Structure formats: structure tokens, C-alpha cells
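Undergrad: Sharing a structure here in C-alpha cells format.
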Amino acid sequence: MTSVLALAAARDWSVILGFIFGGCCSNAWATEVATSQNPNAGSLMTLAQFLIVSLMGLPSQLCFVPSDSKTKETIPFTFRSILRQPTRILSVRFKPRAIPISRWIIQVVLFLLTSLLNNAVFKFDIPMYIHIVFRSAGLVTNLLLGYFFAGKRYTSIQIVSVLIVTLGVFMTTFSTRPRRVDAASLAKGENNPNIDYMIGIAILTGALVLSSAMGLAQDQAYAEYGRGHWREGLFYLHFLALPMFAPLWPDVQEQVRIANASPIVNATALFGTSKTEIGIPVFWIPLVLNIITQLVCVSGVHRLTARVSSLTVTLVLAVRKAVSLVLSVMLIGKSGGNAWLWGGSFFVLAGTILYTLDGTKPPQREPSQVSASRKQE
């Protein structure tokens, strides 16, 4: 019996870690390939991701309303029930939410802005590995927002850890300083890559602050209504954001036009056969891979969140981002990086691990609490 349980646990953990390291690292690769072909496709990529995640999560948030009005219990939704009795589609409703819709709205706005900014930054020639390091530096903004807006207090080790992460971010940022542009090039109307680079870094910083603000709002909602509602959160964070893409629709249409105008490739050749030729624009291949791997990545992270503490999640994701960084620099970038890049990345990873390990220590009680407990003994 024990061996069976151990085997089942090992299988579950293999799936979770496979989804996280395989899905998330593949997603970073697919994003880098897609943005290298069209750096301006951020809005299209974001909309596609939000749409697919919403469609995949929709069935879990639906239910059947019983015909008996006296019965308040709902019936779980299944497509098989619709196929057996098509008229039941008239009784399909959204399941009662565990968290009020008003608590999701602010998170939806912050999540959408964060996603749009993270995908838009590639048009400013920000390398993927800088993107990865910046998204690993959420500890800095989490600590600042938690201290000033949530009344949280942190240990000396946690503060030192955040300073180490900050140092790593600065080192990594300056590791890829753009080349200097002479006055003659600027006079010809060429863009100054240094200005573009700083704009990209500013966008990444803004996305980092918005992401931490969303995490703070999420923690407050889960603290009040419970943490067992990740499926509901995953669906509504994406679904409620879809109407907000309306102002971006002209840009999305333009990106679809550009994608369709990309070189045509034979899709069947990708699967080792050329008997039937199916031509598709080449840009859609990394875009579809990006969407699929995004689903796998999100599924793995949420499965992990449901099994272990947030501290363990932070550690696993920190290691995953380190793997993505190595793949981005060594395999995709085909370069060895430099001392600034690897030194900064090391500080970010070390600071994150140090912060997480300090959080595993039980909080020390105040002297008044200790004396009170002694009086009760």
C-alpha cells in the first residue's frame, strides 16, 4: 500500500515538475522566437493567451440549474450532458462565485496591464534573459508595497536579501548596454538604441510594480475568502479582461495582417511528411506553441500551488527561471554572456533563495506574549 502511494506521489510530482520546467521554459523559448519575427505582436499574443485560457477554464465555471425551482443545489456542467440532451443548454449558468466579482475587477485590470507591458517590451530590443531576470525580481516591489501599503514588517535577513536582488537586477541591466551611436547616425534619423533600451527597462519596472500590486490584492482576497479558489481566479482574471481589448482591436488586426504576410512554410514537413502540402504563415507556428506552452506552464504552477506552501513555490519558480535564463543565453542567444550578466543573475537567484529560506523560520513571539504564556503554564 505504501509503495503504491509513493508511486502515485512520484507520478504526480513528475507531471507537476514536467509541466513547470518543460512548459514554462518552452514558453519562454516560443515567446522569444515569436517576438524575434515580429517584436510588435505583443497585443496579439496577449489576446490569444487570454482567449485560450478563458475557453479552457470556462467549463469548470459553468453548471446546470435544476428545473425544480425549490432545489438550490446546482448540477456540474459536462459536455456529455449537452450531447445527450441538447435542450439542457438553456439551463446552463455560471456557478456561484466564492469570491465576489468586485474583488476580481481590480486584479483583472492590473493583470491585463502587466501582461500587455511584458509582451510590449520586446519592441524596444530588450533581450529575453533581461526579461526573465526582471520578472524574478518581484521580491523588491513586493517588499516595498507590502511595507508601505499593507503594514507588513520584514526581518533583517529579508531586507538584505532584497538588497542583493536589487544589486543583481542593476548588474544584469547594465550587462547588455546598447552600443554608442555617433552624431552622424542620429542626424540621419536613426533611433537611439540607448533611449529605446531605457524605455524598455522603464516598462519592465512598471510591469513589475503592477504585478506586485496584483499579488497584494490577490493575497487580501484569498485571506478573506480562502485560498482554494485558484481555478475561479485563473478563469475570471482572463475572461473579464477580454472586453478590455476593444481599444486595442485595430492594433490586433494589424498584427494579424502582418502575421498572415509572413513567409509561407509547409506545415506537414514539420511532422516528417511531405505528401500533402499545407502552407501556413511561419509566424503562426511559434504563436501557437506560445499559447500551448502557456497553458501547460499555468497548469503546472497552479498544481504546485495547490500542493505546497507559497515559499516552496517561490523556490521552484526561481530555479525554473534560472534554467530559462541559461537556455535563453546559451542555446537561443548562442553566446556565453558576460560577467555582469551571470553575476547579476547569481545575485538575483541567491537573494530569492535567502529570502525564501528565512521565511520558513517560525516567527518569534514578542516578549509580552512569552511572559503571558509562562503565566498560563
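Residue numbering restarts at 1 in every chain; chains get A, B, ... in the order shown in the C-alpha cells, and ligands count up from 1 in that same order.
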Determine which residues of region 16-171 of chain A receive a DSSP assignment of helix (DSSP H, G or I), computed from the backbone, and state them as a PyMOL selection string.
TA: chain A and resi 16-37+42-61+79-84+86-91+101-124+128-135+138-149+156-171
Undergrad: Tell me, as number ranges by chain, which residues lie within 12 Å of region 245-251 of chain A, counting only C-alpha atoms; anything in the same chain fewer than 2 positions away does not count.
TA: A: 40-48, 50-51, 109, 112-113, 115-116, 120, 238-243, 253-258
Undergrad: Please, what distance in Å, to one decimal, runs between CA of Ile203 (chain A) and CA of Phe122 (chain A)?
TA: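 Result for CA of Ile203 (chain A) versus CA of Phe122 (chain A): 10.2 Å, one decimal.
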Undergrad: Ranking A:Leu167, A:Ala213, A:Ala322, A:Ala6 by minimum distance to Gly344 (chain A) and counting only C-alpha atoms, which one comes first?
TA: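 Smallest distance to Gly344 (chain A) is found for A:Leu167.
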Undergrad: What's around Arg103 (chain A) at 8 Å? Count only C-alpha atoms, leave out sequence neighbours fewer than 4 positions away in its own chain, and write the answer as an MDAnalysis selection string.
TA: chainID A and resid 99 107 221
Undergrad: Output C-alpha atoms for every residue in that selection, as a PDB file, in the first residue's frame.
TA:
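New file result17.pdb:
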```
ATOM      1  CA  ILE A  99     -15.174  35.489  -4.329  1.00  0.00           C
ATOM      2  CA  GLN A 107      -6.985  42.303 -10.172  1.00  0.00           C
ATOM      3  CA  ALA A 221      -8.933  38.435  -1.352  1.00  0.00           C
TER       4      ALA A 221
END
```
Undergrad: Please give the complete set of residues from region 197-369 of chain A that DSSP, run on the backbone, assigns to strand (DSSP E or B), formatted as JSON, numbers by chain.
TA: {"A": [264, 265, 266, 279, 280, 281]}
Undergrad: Set the distance at 10 Å and use only C-alpha atoms: which residues neighbour Leu287 (chain A) once local chain neighbours fewer than 4 positions away are removed? I'd like the list as a ChimeraX atom specification.
TA: /A:27,30-31,33-35,41,44-45,48-49,259,282-283,291-293
Undergrad: Just write the chosen residues, N, CA and C atoms, as an mmCIF file, in the first residue's frame.
TA:
```
data_model
loop_
_atom_site.group_PDB
_atom_site.id
_atom_site.type_symbol
_atom_site.label_atom_id
_atom_site.label_comp_id
_atom_site.auth_asym_id
_atom_site.auth_seq_id
_atom_site.Cartn_x
_atom_site.Cartn_y
_atom_site.Cartn_z
ATOM 1 N N ASN A 27 7.761 27.874 -23.082
ATOM 2 C CA ASN A 27 7.016 29.103 -23.336
ATOM 3 C C ASN A 27 7.947 30.291 -23.511
ATOM 4 N N ALA A 30 9.371 29.916 -26.992
ATOM 5 C CA ALA A 30 8.397 30.246 -28.037
ATOM 6 C C ALA A 30 8.152 31.755 -28.094
ATOM 7 N N THR A 31 8.117 32.400 -26.925
ATOM 8 C CA THR A 31 7.938 33.856 -26.892
ATOM 9 C C THR A 31 9.103 34.558 -27.562
ATOM 10 N N VAL A 33 11.137 33.368 -29.869
ATOM 11 C CA VAL A 33 11.119 33.126 -31.314
ATOM 12 C C VAL A 33 10.056 34.000 -31.981
ATOM 13 N N ALA A 34 8.866 34.065 -31.365
ATOM 14 C CA ALA A 34 7.775 34.851 -31.949
ATOM 15 C C ALA A 34 8.124 36.336 -32.001
ATOM 16 N N THR A 35 8.657 36.853 -30.907
ATOM 17 C CA THR A 35 8.979 38.282 -30.867
ATOM 18 C C THR A 35 10.190 38.630 -31.728
ATOM 19 N N ALA A 41 4.172 42.287 -31.858
ATOM 20 C CA ALA A 41 2.990 41.420 -31.763
ATOM 21 C C ALA A 41 2.522 41.209 -30.331
ATOM 22 N N LEU A 44 -1.394 41.003 -29.849
ATOM 23 C CA LEU A 44 -1.946 39.776 -30.428
ATOM 24 C C LEU A 44 -1.630 38.576 -29.549
ATOM 25 N N MET A 45 -0.403 38.470 -29.065
ATOM 26 C CA MET A 45 -0.010 37.349 -28.209
ATOM 27 C C MET A 45 -0.808 37.366 -26.913
ATOM 28 N N ALA A 48 -4.460 36.341 -27.565
ATOM 29 C CA ALA A 48 -4.562 34.903 -27.841
ATOM 30 C C ALA A 48 -4.438 34.090 -26.555
ATOM 31 N N GLN A 49 -3.497 34.468 -25.688
ATOM 32 C CA GLN A 49 -3.322 33.754 -24.422
ATOM 33 C C GLN A 49 -4.555 33.883 -23.537
ATOM 34 N N ALA A 259 1.124 39.013 -39.523
ATOM 35 C CA ALA A 259 1.377 37.579 -39.328
ATOM 36 C C ALA A 259 1.028 36.790 -40.579
ATOM 37 N N VAL A 282 4.599 31.512 -41.412
ATOM 38 C CA VAL A 282 5.550 30.970 -40.447
ATOM 39 C C VAL A 282 5.358 31.556 -39.049
ATOM 40 N N PHE A 283 4.840 32.785 -38.942
ATOM 41 C CA PHE A 283 4.719 33.402 -37.619
ATOM 42 C C PHE A 283 3.723 32.666 -36.729
ATOM 43 N N ILE A 291 1.019 29.710 -27.075
ATOM 44 C CA ILE A 291 -0.271 29.543 -26.396
ATOM 45 C C ILE A 291 -0.347 28.184 -25.704
ATOM 46 N N ILE A 292 0.073 27.123 -26.418
ATOM 47 C CA ILE A 292 0.010 25.776 -25.843
ATOM 48 C C ILE A 292 0.910 25.669 -24.611
ATOM 49 N N THR A 293 2.143 26.148 -24.741
ATOM 50 C CA THR A 293 3.075 26.050 -23.610
ATOM 51 C C THR A 293 2.648 26.946 -22.450
#
```
Undergrad: Quick one: distance from CA of Gly23 (chain A) to CA of Val296 (chain A) in Å, one decimal?
TA: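 Result for CA of Gly23 (chain A) versus CA of Val296 (chain A): 5.1 Å, one decimal.
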Undergrad: Looking at only C-alpha atoms, which of A:Gly168, A:Gly57, A:Gly22, A:Pro76 is the one that sits closest to Leu237 (chain A)?
TA: A:Gly57
Undergrad: Determine, counting only C-alpha atoms, which protein, DNA and RNA residues have an atom within 10 Å of an atom of Ala217 (chain A); residues of the same chain fewer than 5 positions away are not included. Present the result as a ChimeraX atom specification.
TA: /A:103-104,106-107,110,150,211-212,222-223
Undergrad: Once you have the residues from the selection above, write them out as a PDB file, in the first residue's frame, restricted to all heavy atoms.
TA:
```pdb
ATOM      1  N   ARG A 103     -14.241  41.984  -6.314  1.00  0.00           N
ATOM      2  CA  ARG A 103     -12.870  41.762  -5.856  1.00  0.00           C
ATOM      3  C   ARG A 103     -11.958  41.323  -6.998  1.00  0.00           C
ATOM      4  O   ARG A 103     -10.730  41.392  -6.880  1.00  0.00           O
ATOM      5  CB  ARG A 103     -12.842  40.712  -4.738  1.00  0.00           C
ATOM      6  CG  ARG A 103     -13.651  41.094  -3.501  1.00  0.00           C
ATOM      7  CD  ARG A 103     -13.119  42.366  -2.859  1.00  0.00           C
ATOM      8  NE  ARG A 103     -11.793  42.211  -2.333  1.00  0.00           N
ATOM      9  CZ  ARG A 103     -11.524  41.841  -1.089  1.00  0.00           C
ATOM     10  NH1 ARG A 103     -12.522  41.602  -0.245  1.00  0.00           N
ATOM     11  NH2 ARG A 103     -10.278  41.739  -0.671  1.00  0.00           N
ATOM     12  N   TRP A 104     -12.559  40.843  -8.077  1.00  0.00           N
ATOM     13  CA  TRP A 104     -11.751  40.408  -9.212  1.00  0.00           C
ATOM     14  C   TRP A 104     -11.406  41.559 -10.145  1.00  0.00           C
ATOM     15  O   TRP A 104     -10.382  41.509 -10.839  1.00  0.00           O
ATOM     16  CB  TRP A 104     -12.489  39.323 -10.013  1.00  0.00           C
ATOM     17  CG  TRP A 104     -12.577  37.991  -9.349  1.00  0.00           C
ATOM     18  CD1 TRP A 104     -13.713  37.303  -9.031  1.00  0.00           C
ATOM     19  CD2 TRP A 104     -11.491  37.165  -8.912  1.00  0.00           C
ATOM     20  NE1 TRP A 104     -13.413  36.113  -8.420  1.00  0.00           N
ATOM     21  CE2 TRP A 104     -12.048  36.000  -8.333  1.00  0.00           C
ATOM     22  CE3 TRP A 104     -10.112  37.302  -8.931  1.00  0.00           C
ATOM     23  CZ2 TRP A 104     -11.268  34.987  -7.806  1.00  0.00           C
ATOM     24  CZ3 TRP A 104      -9.333  36.292  -8.405  1.00  0.00           C
ATOM     25  CH2 TRP A 104      -9.909  35.148  -7.858  1.00  0.00           C
ATOM     26  N   ILE A 106     -10.357  44.764  -9.941  1.00  0.00           N
ATOM     27  CA  ILE A 106      -9.079  45.461  -9.799  1.00  0.00           C
ATOM     28  C   ILE A 106      -7.923  44.537 -10.167  1.00  0.00           C
ATOM     29  O   ILE A 106      -6.939  44.958 -10.797  1.00  0.00           O
ATOM     30  CB  ILE A 106      -8.917  46.018  -8.359  1.00  0.00           C
ATOM     31  CG1 ILE A 106      -7.609  46.798  -8.234  1.00  0.00           C
ATOM     32  CG2 ILE A 106      -8.942  44.890  -7.341  1.00  0.00           C
ATOM     33  CD1 ILE A 106      -7.563  48.031  -9.092  1.00  0.00           C
ATOM     34  N   GLN A 107      -8.031  43.254  -9.817  1.00  0.00           N
ATOM     35  CA  GLN A 107      -6.985  42.303 -10.172  1.00  0.00           C
ATOM     36  C   GLN A 107      -6.922  42.091 -11.689  1.00  0.00           C
ATOM     37  O   GLN A 107      -5.830  41.946 -12.256  1.00  0.00           O
ATOM     38  CB  GLN A 107      -7.237  40.968  -9.477  1.00  0.00           C
ATOM     39  CG  GLN A 107      -7.178  41.028  -7.957  1.00  0.00           C
ATOM     40  CD  GLN A 107      -7.410  39.672  -7.329  1.00  0.00           C
ATOM     41  OE1 GLN A 107      -6.835  38.678  -7.728  1.00  0.00           O
ATOM     42  NE2 GLN A 107      -8.260  39.617  -6.313  1.00  0.00           N
ATOM     43  N   LEU A 110      -5.109  45.090 -13.295  1.00  0.00           N
ATOM     44  CA  LEU A 110      -3.664  45.017 -13.037  1.00  0.00           C
ATOM     45  C   LEU A 110      -3.017  43.876 -13.818  1.00  0.00           C
ATOM     46  O   LEU A 110      -1.919  44.028 -14.374  1.00  0.00           O
ATOM     47  CB  LEU A 110      -3.417  44.832 -11.538  1.00  0.00           C
ATOM     48  CG  LEU A 110      -3.786  46.021 -10.641  1.00  0.00           C
ATOM     49  CD1 LEU A 110      -3.694  45.632  -9.164  1.00  0.00           C
ATOM     50  CD2 LEU A 110      -2.880  47.209 -10.928  1.00  0.00           C
ATOM     51  N   ALA A 150       0.499  47.635   3.025  1.00  0.00           N
ATOM     52  CA  ALA A 150      -0.160  46.520   3.720  1.00  0.00           C
ATOM     53  C   ALA A 150       0.282  46.400   5.172  1.00  0.00           C
ATOM     54  O   ALA A 150      -0.156  45.488   5.870  1.00  0.00           O
ATOM     55  CB  ALA A 150       0.113  45.202   2.983  1.00  0.00           C
ATOM     56  N   SER A 211       2.482  44.007 -11.191  1.00  0.00           N
ATOM     57  CA  SER A 211       2.371  42.596 -10.826  1.00  0.00           C
ATOM     58  C   SER A 211       2.359  42.419  -9.307  1.00  0.00           C
ATOM     59  O   SER A 211       1.578  41.615  -8.772  1.00  0.00           O
ATOM     60  CB  SER A 211       3.521  41.811 -11.447  1.00  0.00           C
ATOM     61  OG  SER A 211       3.481  40.449 -11.065  1.00  0.00           O
ATOM     62  N   SER A 212       3.205  43.160  -8.611  1.00  0.00           N
ATOM     63  CA  SER A 212       3.238  43.068  -7.151  1.00  0.00           C
ATOM     64  C   SER A 212       1.954  43.621  -6.546  1.00  0.00           C
ATOM     65  O   SER A 212       1.444  43.082  -5.550  1.00  0.00           O
ATOM     66  CB  SER A 212       4.447  43.833  -6.608  1.00  0.00           C
ATOM     67  OG  SER A 212       5.649  43.222  -7.021  1.00  0.00           O
ATOM     68  N   TYR A 222      -7.768  36.306  -1.034  1.00  0.00           N
ATOM     69  CA  TYR A 222      -7.665  34.923  -0.589  1.00  0.00           C
ATOM     70  C   TYR A 222      -7.657  34.833   0.936  1.00  0.00           C
ATOM     71  O   TYR A 222      -8.140  33.844   1.508  1.00  0.00           O
ATOM     72  CB  TYR A 222      -6.406  34.279  -1.159  1.00  0.00           C
ATOM     73  CG  TYR A 222      -6.515  33.921  -2.624  1.00  0.00           C
ATOM     74  CD1 TYR A 222      -5.397  33.914  -3.448  1.00  0.00           C
ATOM     75  CD2 TYR A 222      -7.737  33.566  -3.178  1.00  0.00           C
ATOM     76  CE1 TYR A 222      -5.485  33.583  -4.792  1.00  0.00           C
ATOM     77  CE2 TYR A 222      -7.839  33.240  -4.512  1.00  0.00           C
ATOM     78  CZ  TYR A 222      -6.720  33.246  -5.314  1.00  0.00           C
ATOM     79  OH  TYR A 222      -6.834  32.917  -6.637  1.00  0.00           O
ATOM     80  N   ALA A 223      -7.097  35.829   1.613  1.00  0.00           N
ATOM     81  CA  ALA A 223      -7.096  35.816   3.074  1.00  0.00           C
ATOM     82  C   ALA A 223      -8.516  35.929   3.615  1.00  0.00           C
ATOM     83  O   ALA A 223      -8.838  35.385   4.676  1.00  0.00           O
ATOM     84  CB  ALA A 223      -6.239  36.955   3.603  1.00  0.00           C
TER      85      ALA A 223
END
```
Undergrad: Contacts of Met171 (chain A) at 8 Å or less, counting only C-alpha atoms, minus same-chain residues fewer than 2 places along, as a list in words?
TA: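 My reading of the contact set: Leu167, Gly168, Val169, Thr173, Phe174, Ser175, Trp340, Leu341, Gly343 and Gly344 of chain A.
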Undergrad: The selected residues should be written to file as a CSV table (one decimal), in the first residue's frame (atoms: C-alpha atoms).
TA:
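Written output follows (again01.csv):
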```csv
chain,number,residue,atom,x,y,z
A,167,LEU,CA,22.1,44.6,-6.9
A,168,GLY,CA,21.6,41.7,-9.3
A,169,VAL,CA,19.0,43.5,-11.3
A,173,THR,CA,20.5,45.6,-16.7
A,174,PHE,CA,23.9,47.1,-17.4
A,175,SER,CA,25.2,43.8,-18.8
A,340,TRP,CA,27.8,41.3,-15.4
A,341,LEU,CA,25.0,39.1,-16.7
A,343,GLY,CA,27.0,37.8,-11.7
A,344,GLY,CA,23.7,39.7,-11.6
```
Undergrad: With only C-alpha atoms as the basis for distance, which of A:Ala98, A:Ile132, A:Val140, A:Ile285 is at the shortest distance from Glu224 (chain A)?
TA: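 Using only C-alpha atoms, Glu224 (chain A) sits closest to A:Ala98.
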